[in-house]
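Next up, coords_32.cif (mmCIF, C-alpha atoms and all ligand atoms):
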data_protein
#
loop_
_atom_site.label_atom_id
_atom_site.label_comp_id
_atom_site.auth_asym_id
_atom_site.auth_seq_id
_atom_site.Cartn_x
_atom_site.Cartn_y
_atom_site.Cartn_z
CA MET A 210 134.14 146.17 60.18
CA ASN A 211 134.00 144.30 56.88
CA SER A 212 131.70 141.33 57.37
CA GLY A 213 133.27 139.57 54.34
CA ALA A 214 136.12 138.36 56.54
CA PHE A 215 133.77 136.66 59.03
CA LEU A 216 132.31 133.17 58.67
CA LEU A 217 129.39 132.21 60.89
CA PRO A 218 129.64 128.97 62.87
CA ASN A 219 126.76 127.36 60.92
CA LYS A 220 126.80 124.57 58.32
CA GLU A 221 127.73 126.86 55.41
CA GLY A 222 130.36 128.73 57.45
CA LEU A 223 131.97 125.50 58.59
CA GLN A 224 131.94 124.07 55.05
CA ARG A 225 133.62 127.21 53.71
CA ALA A 226 136.13 127.15 56.59
CA ALA A 227 136.99 123.52 55.80
CA GLU A 228 137.48 124.34 52.09
CA ILE A 229 139.85 127.16 53.00
CA LEU A 230 141.96 124.88 55.19
CA LYS A 231 141.92 121.97 52.71
CA SER A 232 143.22 124.30 50.01
CA ASP A 233 146.15 125.13 52.31
CA GLN A 234 145.01 128.67 53.07
CA ILE A 235 145.05 130.21 56.53
CA LEU A 236 141.95 130.73 58.68
CA ALA A 237 141.47 132.27 62.13
CA VAL A 238 139.63 129.86 64.42
CA PRO A 239 137.93 130.17 67.80
CA THR A 240 139.15 128.09 70.74
CA GLU A 241 138.16 128.13 74.41
CA THR A 242 141.48 129.87 75.24
CA VAL A 243 142.26 132.46 72.51
CA TYR A 244 141.72 132.68 68.74
CA GLY A 245 144.27 130.78 66.62
CA LEU A 246 145.74 131.35 63.16
CA ALA A 247 145.20 127.87 61.69
CA GLY A 248 146.58 126.04 58.68
CA ASN A 249 147.36 122.51 57.50
CA ALA A 250 150.23 121.36 59.72
CA LEU A 251 151.36 118.83 57.10
CA SER A 252 151.95 121.49 54.43
CA THR A 253 155.28 123.28 54.80
CA ASN A 254 154.02 126.08 52.53
CA THR A 255 151.04 126.75 54.75
CA VAL A 256 153.15 126.64 57.89
CA HIS A 257 155.54 129.19 56.38
CA LYS A 258 152.52 131.39 55.57
CA ILE A 259 151.47 131.31 59.23
CA PHE A 260 154.94 132.39 60.36
CA ASN A 261 154.96 135.19 57.75
CA VAL A 262 151.50 136.57 58.51
CA LYS A 263 152.23 136.59 62.23
CA LYS A 264 155.81 137.85 61.75
CA ARG A 265 156.81 135.09 64.13
CA PRO A 266 160.48 134.14 64.29
CA SER A 267 161.08 130.69 62.78
CA TYR A 268 162.73 129.42 66.01
CA ASP A 269 159.36 129.52 67.85
CA PRO A 270 157.43 126.24 67.29
CA LEU A 271 153.66 125.99 66.73
CA ILE A 272 150.99 123.96 68.51
CA VAL A 273 149.26 121.29 66.39
CA HIS A 274 145.51 120.87 66.98
CA VAL A 275 143.69 117.59 66.34
CA HIS A 276 140.33 116.00 67.19
CA SER A 277 141.35 112.47 68.19
CA LEU A 278 143.92 110.40 70.04
CA ASP A 279 144.40 108.37 66.85
CA GLN A 280 145.78 111.49 65.20
CA VAL A 281 148.02 112.12 68.22
CA ARG A 282 149.41 108.58 67.90
CA LYS A 283 150.35 109.21 64.26
CA LEU A 284 152.13 112.49 65.02
CA THR A 285 154.08 111.32 68.08
CA PHE A 286 155.90 108.54 69.85
CA PHE A 287 152.94 108.01 72.12
CA PRO A 288 153.85 107.63 75.82
CA LYS A 289 153.53 104.17 77.39
CA ASN A 290 153.28 105.42 80.96
CA GLU A 291 149.70 104.70 82.12
CA GLN A 292 149.55 107.74 84.40
CA ILE A 293 150.36 109.97 81.47
CA VAL A 294 147.74 108.35 79.26
CA LYS A 295 145.16 108.71 82.04
CA THR A 296 146.09 112.41 82.34
CA LEU A 297 145.68 113.03 78.61
CA LEU A 298 142.29 111.34 78.61
CA HIS A 299 141.16 113.37 81.61
CA PHE A 300 142.10 116.84 80.36
CA TRP A 301 141.45 116.44 76.63
CA PRO A 302 139.48 117.90 74.95
CA GLY A 303 140.53 121.04 76.80
CA ALA A 304 142.73 124.03 77.49
CA ILE A 305 145.98 122.09 77.76
CA THR A 306 148.82 121.35 75.33
CA PHE A 307 151.21 118.45 75.78
CA ILE A 308 154.73 118.15 74.37
CA PHE A 309 155.62 114.74 72.89
CA ARG A 310 158.52 113.30 70.93
CA LYS A 311 157.49 113.87 67.31
CA SER A 312 157.08 111.31 64.52
CA SER A 313 158.52 111.91 61.05
CA LEU A 314 155.04 112.91 59.82
CA VAL A 315 155.40 116.34 61.46
CA PRO A 316 157.30 118.79 59.24
CA ASN A 317 160.37 120.31 60.88
CA CYS A 318 159.18 123.86 60.26
CA VAL A 319 156.18 123.28 62.59
CA THR A 320 158.46 122.38 65.47
CA ALA A 321 161.28 124.80 64.61
CA ASN A 322 163.54 121.78 64.02
CA LYS A 323 162.91 120.40 67.49
CA GLU A 324 162.50 116.67 68.07
CA SER A 325 159.35 117.37 70.06
CA VAL A 326 155.88 118.54 69.03
CA ALA A 327 153.20 120.43 70.96
CA ILE A 328 149.71 118.95 70.54
CA ARG A 329 146.28 119.98 71.77
CA ILE A 330 142.79 118.51 71.39
CA PRO A 331 140.71 121.65 71.95
CA GLY A 332 137.30 121.64 73.62
CA HIS A 333 135.63 124.50 71.72
CA ASN A 334 132.56 123.04 70.05
CA VAL A 335 132.90 124.99 66.77
CA PHE A 336 136.62 124.30 66.41
CA ARG A 337 136.07 120.61 67.13
CA GLN A 338 133.42 120.37 64.42
CA LEU A 339 135.85 122.03 62.01
CA LEU A 340 138.72 119.70 62.96
CA GLN A 341 136.46 116.73 62.27
CA LEU A 342 135.31 118.12 58.90
CA VAL A 343 138.84 118.91 57.74
CA ASP A 344 140.39 115.82 59.32
CA LEU A 345 143.88 117.31 59.08
CA PRO A 346 146.16 118.33 61.95
CA LEU A 347 146.03 122.13 62.16
CA ALA A 348 149.02 124.19 63.25
CA ALA A 349 147.77 127.28 65.05
CA PRO A 350 149.57 129.90 67.09
CA SER A 351 147.52 132.60 68.78
CA ALA A 352 146.09 134.91 66.09
CA ASN A 353 147.98 138.08 67.07
CA PRO A 354 150.97 139.72 65.40
CA PHE A 355 154.11 138.42 67.16
CA SER A 356 154.48 139.86 70.68
CA TYR A 357 151.16 141.81 70.58
CA ILE A 358 148.11 141.10 72.78
CA SER A 359 146.37 137.74 72.13
CA PRO A 360 142.87 137.86 70.55
CA THR A 361 139.86 136.64 72.51
CA GLN A 362 137.14 137.72 70.02
CA ALA A 363 136.80 137.51 66.24
CA GLN A 364 136.86 141.32 66.03
CA HIS A 365 140.33 141.39 67.66
CA VAL A 366 141.67 139.25 64.82
CA TYR A 367 140.02 141.54 62.28
CA ASP A 368 141.51 144.59 63.99
CA ASN A 369 145.01 143.15 63.44
CA PHE A 370 144.76 141.43 60.06
CA GLY A 371 141.74 143.03 58.33
CA ASP A 372 140.49 141.28 55.20
CA GLU A 373 143.77 139.39 54.79
CA ILE A 374 142.58 136.46 56.94
CA PRO A 375 139.08 134.91 56.97
CA ILE A 376 137.78 134.39 60.52
CA LEU A 377 135.45 131.68 61.79
CA ASP A 378 133.47 133.55 64.44
CA GLY A 379 132.90 131.37 67.50
CA GLY A 380 132.11 134.17 69.97
CA VAL A 381 134.12 135.28 72.99
CA CYS A 382 136.76 132.77 74.20
CA HIS A 383 135.73 131.12 77.45
CA TYR A 384 139.07 131.35 79.33
CA GLY A 385 140.71 134.30 77.59
CA VAL A 386 144.19 132.94 78.46
CA GLU A 387 146.29 130.50 76.41
CA SER A 388 146.43 126.79 77.20
CA THR A 389 148.69 125.32 79.88
CA VAL A 390 151.76 123.83 78.13
CA VAL A 391 153.07 120.64 79.74
CA SER A 392 156.13 118.66 78.68
CA LEU A 393 155.83 114.86 78.70
CA LEU A 394 159.40 114.35 77.55
CA ASP A 395 160.52 113.08 80.94
CA GLU A 396 158.08 110.25 81.64
CA LYS A 397 158.80 110.41 85.38
CA GLN A 398 157.43 113.91 85.94
CA LEU A 399 155.27 116.57 84.29
CA GLU A 400 156.86 119.93 83.60
CA ILE A 401 154.73 123.05 83.17
CA LEU A 402 156.37 125.23 80.51
CA ARG A 403 153.55 127.81 80.40
CA PRO A 404 150.89 128.24 83.12
CA GLY A 405 147.31 128.29 81.86
CA PRO A 406 143.72 127.39 82.72
CA VAL A 407 144.68 123.90 83.99
CA SER A 408 146.61 124.34 87.24
CA ALA A 409 149.57 122.38 88.64
CA LYS A 410 147.32 121.20 91.47
CA GLU A 411 144.79 119.68 89.08
CA LEU A 412 147.56 118.03 87.06
CA GLU A 413 149.10 116.59 90.20
CA SER A 414 145.86 115.22 91.57
CA VAL A 415 144.75 113.63 88.28
CA SER A 416 148.13 112.20 87.24
CA GLY A 417 149.47 111.23 90.66
CA MET A 418 152.84 112.38 89.25
CA LYS A 419 155.31 115.01 90.36
CA VAL A 420 154.62 118.33 88.64
CA ILE A 421 157.43 120.85 88.30
CA HIS A 422 157.48 124.42 86.95
CA ARG A 423 160.17 125.74 84.71
CA SER A 424 161.59 128.54 86.81
CA LYS A 425 161.59 132.15 85.61
CA LYS A 426 165.36 132.20 85.43
CA GLU A 427 165.51 128.98 83.49
CA LYS A 428 162.86 130.33 81.10
CA GLU A 429 164.86 133.45 80.38
CA ASN A 430 168.11 131.56 79.98
CA ASP A 431 166.71 128.66 78.07
CA LEU A 432 164.54 129.79 75.19
CA GLU A 433 165.63 126.51 73.61
CA ILE A 434 163.11 124.61 75.81
CA SER A 435 160.04 126.68 75.02
CA PRO A 436 161.07 129.44 72.67
CA GLY A 437 157.79 131.37 72.87
CA LEU A 438 158.52 132.30 76.44
CA SER A 439 160.63 135.36 75.66
CA LYS A 440 160.31 138.01 78.31
CA ARG A 441 158.32 140.67 76.47
CA HIS A 442 155.13 139.29 74.95
CA TYR A 443 151.40 139.99 74.82
CA SER A 444 152.30 143.67 75.03
CA PRO A 445 150.27 146.82 74.47
CA ARG A 446 152.04 149.77 72.82
CA LYS A 447 151.11 152.06 75.72
CA PRO A 448 153.18 151.88 78.92
CA LEU A 449 151.80 149.21 81.26
CA THR A 450 152.49 149.16 85.01
CA LEU A 451 151.41 146.37 87.36
CA PHE A 452 150.49 146.80 91.01
CA ASP A 453 149.17 144.78 93.95
CA ASP A 454 147.72 147.51 96.10
CA ILE A 455 146.45 150.91 94.99
CA SER A 456 148.79 152.56 97.50
CA ASP A 457 151.74 151.25 95.42
CA ILE A 458 151.01 153.58 92.49
CA GLN A 459 150.42 157.26 91.74
CA PRO A 460 148.26 157.35 88.63
CA GLN A 461 147.67 160.72 86.96
CA PHE A 462 144.75 162.29 85.18
CA GLY A 463 144.65 160.66 81.73
CA ASP A 464 145.72 157.21 83.02
CA VAL A 465 143.50 154.16 83.39
CA VAL A 466 143.64 151.81 86.39
CA ILE A 467 142.21 148.28 85.99
CA PHE A 468 141.30 146.16 89.02
CA TYR A 469 140.21 142.53 88.91
CA LYS A 470 137.64 143.15 91.67
CA PRO A 471 135.36 146.03 92.69
CA ILE A 472 137.11 148.98 94.31
CA SER A 473 136.33 150.73 97.57
CA GLU A 474 134.78 154.20 97.75
CA SER A 475 138.04 155.76 98.91
CA ASP A 476 139.95 154.33 95.92
CA LYS A 477 137.38 155.85 93.56
CA THR A 478 138.67 159.33 94.30
CA LEU A 479 141.71 158.64 92.12
CA PRO A 480 142.15 161.37 89.50
CA CYS A 481 141.94 158.88 86.65
CA LYS A 482 139.69 156.33 84.96
CA ASN A 483 138.96 153.26 87.11
CA LYS A 484 137.74 149.95 85.76
CA PHE A 485 137.10 146.59 87.40
CA LEU A 486 136.72 143.24 85.66
CA SER A 487 134.39 141.26 87.90
CA GLU A 488 131.49 142.57 89.97
CA ILE A 489 132.01 139.76 92.49
CA GLY A 490 135.82 139.53 92.25
CA ASP A 491 135.63 136.17 90.43
CA ILE A 492 139.12 135.65 88.96
CA ASN A 493 137.86 133.36 86.18
CA GLU A 494 135.39 135.98 84.99
CA ALA A 495 138.09 138.66 85.28
CA ALA A 496 140.71 136.52 83.45
CA GLN A 497 138.45 136.21 80.42
CA LYS A 498 138.55 140.00 80.01
CA VAL A 499 142.26 140.72 80.55
CA PHE A 500 143.49 140.67 76.93
CA SER A 501 140.33 142.36 75.74
CA GLU A 502 140.77 145.22 78.24
CA LEU A 503 144.43 145.64 77.32
CA ARG A 504 143.35 146.10 73.70
CA ILE A 505 140.59 148.57 74.55
CA TRP A 506 142.85 150.85 76.57
CA ASP A 507 145.79 150.46 74.22
CA GLN A 508 143.57 151.88 71.47
CA SER A 509 142.11 154.63 73.68
CA SER A 510 143.35 158.15 74.30
CA TYR A 511 144.50 157.26 77.84
CA SER A 512 148.27 157.52 78.21
CA ARG A 513 149.27 154.82 80.70
CA ILE A 514 147.63 151.56 81.79
CA TYR A 515 147.88 150.36 85.40
CA PHE A 516 146.80 146.75 85.92
CA GLN A 517 146.25 145.04 89.26
CA ARG A 518 147.97 141.66 89.63
CA PHE A 519 145.58 138.74 90.25
CA PRO A 520 145.75 136.50 93.36
CA ASN A 521 148.42 133.94 92.48
CA THR A 522 146.11 130.91 92.50
CA GLY A 523 144.27 128.94 89.80
CA ILE A 524 143.99 130.88 86.56
CA GLY A 525 145.42 133.92 88.41
CA LYS A 526 148.90 132.39 88.04
CA ALA A 527 148.51 132.27 84.27
CA VAL A 528 147.13 135.82 84.12
CA ASN A 529 150.02 137.14 86.23
CA ASP A 530 152.52 135.38 83.94
CA ARG A 531 150.95 137.13 80.89
CA LEU A 532 150.71 140.50 82.65
CA GLU A 533 154.37 140.37 83.77
CA ARG A 534 155.47 139.70 80.22
CA ALA A 535 153.08 142.29 78.76
CA ALA A 536 154.65 144.86 81.09
CA ALA A 537 158.27 143.77 80.50
CA GLN A 538 160.52 146.31 78.79
CA GLU A 539 162.49 143.92 76.52
O1 LIG A 601 145.73 128.26 73.88
C1 LIG A 601 146.66 128.11 73.09
O2 LIG A 601 147.63 127.38 73.34
C2 LIG A 601 146.59 128.87 71.75
C3 LIG A 601 145.44 128.27 70.94
C4 LIG A 601 145.32 128.89 69.57
O3 LIG A 601 145.61 126.89 70.86
N1 LIG A 601 147.82 128.77 71.04
C5 LIG A 601 148.95 129.39 71.44
O4 LIG A 601 149.99 129.25 70.54
O5 LIG A 601 149.03 130.05 72.45
P1 LIG A 601 151.30 130.12 70.60
O6 LIG A 601 152.04 129.75 69.36
O7 LIG A 601 150.96 131.52 70.79
O8 LIG A 601 152.09 129.55 71.84
C6 LIG A 601 152.60 128.23 71.77
C7 LIG A 601 153.59 128.00 72.90
C8 LIG A 601 154.86 128.81 72.69
O9 LIG A 601 155.30 129.24 73.97
C9 LIG A 601 155.82 127.79 72.08
O10 LIG A 601 157.17 128.09 72.30
C10 LIG A 601 155.40 126.53 72.83
O11 LIG A 601 153.98 126.62 72.89
N2 LIG A 601 155.78 125.33 72.08
C11 LIG A 601 155.33 124.89 70.89
N3 LIG A 601 155.95 123.77 70.51
C12 LIG A 601 156.83 123.48 71.49
C13 LIG A 601 157.79 122.43 71.68
N4 LIG A 601 157.96 121.47 70.79
N5 LIG A 601 158.51 122.45 72.84
C14 LIG A 601 158.34 123.41 73.75
N6 LIG A 601 157.46 124.43 73.63
C15 LIG A 601 156.72 124.47 72.51
MG MG A 602 150.94 133.48 71.39
#
How does the structure come out when it is put into structure tokens?
Ligand code: TXA
Ligand code: MG
Amino acid sequence: MNSGAFLLPNKEGLQRAAEILKSDQILAVPTETVYGLAGNALSTNTVHKIFNVKKRPSYDPLIVHVHSLDQVRKLTFFPKNEQIVKTLLHFWPGAITFIFRKSSLVPNCVTANKESVAIRIPGHNVFRQLLQLVDLPLAAPSANPFSYISPTQAQHVYDNFGDEIPILDGGVCHYGVESTVVSLLDEKQLEILRPGPVSAKELESVSGMKVIHRSKKEKENDLEISPGLSKRHYSPRKPLTLFDDISDIQPQFGDVVIFYKPISESDKTLPCKNKFLSEIGDINEAAQKVFSELRIWDQSSYSRIYFQRFPNTGIGKAVNDRLERAAAQE
């Protein structure tokens, strides 16, 4: 590890981080979901740099991060619907991104020429301080090379980009799964484009509105709506197989099997490495470790990774969505 790439989340580190961003350079930033690769969203040069560093196709739009609703108003045609405004105020700052109609202030390269823009007011204390210091909207995709596993620690970013990108170290990400993405384009209902830490149930109960999910089929057929939802994503280089019950798989010596909860004595006789993510089977605790574990075993000498699907509730839905795509073949 070269400590030169890391900035501490103290006064000097934050000042340096702000200088980097104000001079239109790129910086990796901590958020409560995953680390982001941030740059001035109003500078087309900087936005192009983000796409290049990440090797992200230009048709896949970025999320813009801000610290205040005033900034959101400038970047969007702000919704008039009171239920929507109440929903924004409830969940922000937080692990949720909303899609608005964009104002002309947002460069087209940020939104991949779409008329809409994705915006998030994050809750991570260090990132919020930085956003206030810089006082610019920051475009930031997850700080992983395109289609590889998302980073949930500063070291993960360093492992992928080395000294090329300075990193503001804000510790381990609290959720470990990317934000829920919700479209506000139809003011009569909320549409979840990507499941995340904020569940449909919570959205429904706070907004009092109908909440719909973009179906799997629609997602595959309609990359136009949320282009980042291509089937294979978040993927390790090693083969990854998902399972519900241990009896569904036949792991071999040299494979690793990851469970979200502790395993029974009889399951421990498997001829391979066993690992569980939460001592008490807490899916939130386990979710935080999913990307990190995928990285560990992808870099290990084990040949195949088996990963147990999570219960399909709460954050488990988001984890299962990421695991399915990490395991997809194309
Ligand atoms: O938690 C997160 O959301 C992290 C942190 C860094 O904020 N960011 C993140 O960014 O996951 P990224 O670029 O990896 O994923 C952004 C997702 C993609 O699926 C993209 O297609 C979608 O948001 N998106 C962005 N702008 C959109 C738009 N205008 N309409 C529909 N989907 C959009
Ligand atoms: Mg991503």
Mind listing the residues within 8 Å of ligand LIG 601 (chain A), only C-alpha atoms and all ligand atoms counted, as a ChimeraX atom specification?
/A:238-247,269-272,274,304-306,308-309,319-321,323-329,331,349-352,359,386-390,392,402-403,433-438
Using the selection just defined, write its residues with C-alpha atoms as an mmCIF file, keeping the file's coordinate frame.
data_model
loop_
_atom_site.group_PDB
_atom_site.id
_atom_site.type_symbol
_atom_site.label_atom_id
_atom_site.label_comp_id
_atom_site.auth_asym_id
_atom_site.auth_seq_id
_atom_site.Cartn_x
_atom_site.Cartn_y
_atom_site.Cartn_z
ATOM 1 C CA VAL A 238 139.630 129.860 64.420
ATOM 2 C CA PRO A 239 137.930 130.170 67.800
ATOM 3 C CA THR A 240 139.150 128.090 70.740
ATOM 4 C CA GLU A 241 138.160 128.130 74.410
ATOM 5 C CA THR A 242 141.480 129.870 75.240
ATOM 6 C CA VAL A 243 142.260 132.460 72.510
ATOM 7 C CA TYR A 244 141.720 132.680 68.740
ATOM 8 C CA GLY A 245 144.270 130.780 66.620
ATOM 9 C CA LEU A 246 145.740 131.350 63.160
ATOM 10 C CA ALA A 247 145.200 127.870 61.690
ATOM 11 C CA ASP A 269 159.360 129.520 67.850
ATOM 12 C CA PRO A 270 157.430 126.240 67.290
ATOM 13 C CA LEU A 271 153.660 125.990 66.730
ATOM 14 C CA ILE A 272 150.990 123.960 68.510
ATOM 15 C CA HIS A 274 145.510 120.870 66.980
ATOM 16 C CA ALA A 304 142.730 124.030 77.490
ATOM 17 C CA ILE A 305 145.980 122.090 77.760
ATOM 18 C CA THR A 306 148.820 121.350 75.330
ATOM 19 C CA ILE A 308 154.730 118.150 74.370
ATOM 20 C CA PHE A 309 155.620 114.740 72.890
ATOM 21 C CA VAL A 319 156.180 123.280 62.590
ATOM 22 C CA THR A 320 158.460 122.380 65.470
ATOM 23 C CA ALA A 321 161.280 124.800 64.610
ATOM 24 C CA LYS A 323 162.910 120.400 67.490
ATOM 25 C CA GLU A 324 162.500 116.670 68.070
ATOM 26 C CA SER A 325 159.350 117.370 70.060
ATOM 27 C CA VAL A 326 155.880 118.540 69.030
ATOM 28 C CA ALA A 327 153.200 120.430 70.960
ATOM 29 C CA ILE A 328 149.710 118.950 70.540
ATOM 30 C CA ARG A 329 146.280 119.980 71.770
ATOM 31 C CA PRO A 331 140.710 121.650 71.950
ATOM 32 C CA ALA A 349 147.770 127.280 65.050
ATOM 33 C CA PRO A 350 149.570 129.900 67.090
ATOM 34 C CA SER A 351 147.520 132.600 68.780
ATOM 35 C CA ALA A 352 146.090 134.910 66.090
ATOM 36 C CA SER A 359 146.370 137.740 72.130
ATOM 37 C CA VAL A 386 144.190 132.940 78.460
ATOM 38 C CA GLU A 387 146.290 130.500 76.410
ATOM 39 C CA SER A 388 146.430 126.790 77.200
ATOM 40 C CA THR A 389 148.690 125.320 79.880
ATOM 41 C CA VAL A 390 151.760 123.830 78.130
ATOM 42 C CA SER A 392 156.130 118.660 78.680
ATOM 43 C CA LEU A 402 156.370 125.230 80.510
ATOM 44 C CA ARG A 403 153.550 127.810 80.400
ATOM 45 C CA GLU A 433 165.630 126.510 73.610
ATOM 46 C CA ILE A 434 163.110 124.610 75.810
ATOM 47 C CA SER A 435 160.040 126.680 75.020
ATOM 48 C CA PRO A 436 161.070 129.440 72.670
ATOM 49 C CA GLY A 437 157.790 131.370 72.870
ATOM 50 C CA LEU A 438 158.520 132.300 76.440
#
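Near A:Gln459, within 10 Å and counting all atoms listed in the file, sit Ile455, Ser456, Asp464, Leu479, Pro480 and Tyr515 of chain A; same-chain residues fewer than 3 positions away were not included.
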Residue with the minimum atom-to-atom distance to A:Ile293, picked from A:Asp344, A:Asp378, A:Asp372, A:Glu413 with only C-alpha atoms counted, is A:Glu413
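Atom CA of A:Phe468 sits 7.7 Å away from atom CA of A:Asn483.
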Could you please give me, as a PyMOL selection string, the residues of protein, DNA or RNA lying at most 12 Å from (134.7, 116.3, 57.6) in the coordinate frame of the file, considering all atoms listed in the file?
chain A and resi 220+223-228+230-231+276+337-345
Using C-alpha atoms, can you write the selected residues to a file as a CSV table (one decimal), in the frame of the given file?
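out-v5.csv, written as the output of this step:
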chain,number,residue,atom,x,y,z
A,220,LYS,CA,126.8,124.6,58.3
A,223,LEU,CA,132.0,125.5,58.6
A,224,GLN,CA,131.9,124.1,55.0
A,225,ARG,CA,133.6,127.2,53.7
A,226,ALA,CA,136.1,127.2,56.6
A,227,ALA,CA,137.0,123.5,55.8
A,228,GLU,CA,137.5,124.3,52.1
A,230,LEU,CA,142.0,124.9,55.2
A,231,LYS,CA,141.9,122.0,52.7
A,276,HIS,CA,140.3,116.0,67.2
A,337,ARG,CA,136.1,120.6,67.1
A,338,GLN,CA,133.4,120.4,64.4
A,339,LEU,CA,135.8,122.0,62.0
A,340,LEU,CA,138.7,119.7,63.0
A,341,GLN,CA,136.5,116.7,62.3
A,342,LEU,CA,135.3,118.1,58.9
A,343,VAL,CA,138.8,118.9,57.7
A,344,ASP,CA,140.4,115.8,59.3
A,345,LEU,CA,143.9,117.3,59.1
Between A:Arg531, A:Lys482, A:Lys410, A:Arg423, single out the one closest to ligand MG 602 (chain A), counting all atoms listed in the file.
A:Arg531
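You can rank A:Val381, A:Ile514, A:Ile358, A:Ile330 by their closest distance to ligand MG 602 (chain A) using only C-alpha atoms and all ligand atoms, and at the top of that list sits A:Ile358.
When atom CA of A:Leu451 is paired with atom CA of A:Ala495, their separation reads 15.5 Å.
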Neighbouring residues of A:Phe500 were defined as those with any atom within 12 Å, considering all atoms listed in the file; residues of the same chain fewer than 6 positions away were excluded. Please report them as a ChimeraX atom specification.
/A:242-244,353,357-362,365,381-382,384-387,442-445,467,486,506-507,516,528-529,531-532,535
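Atom CA of A:Ile235 is positioned 23.0 Å from atom CA of A:Lys283.
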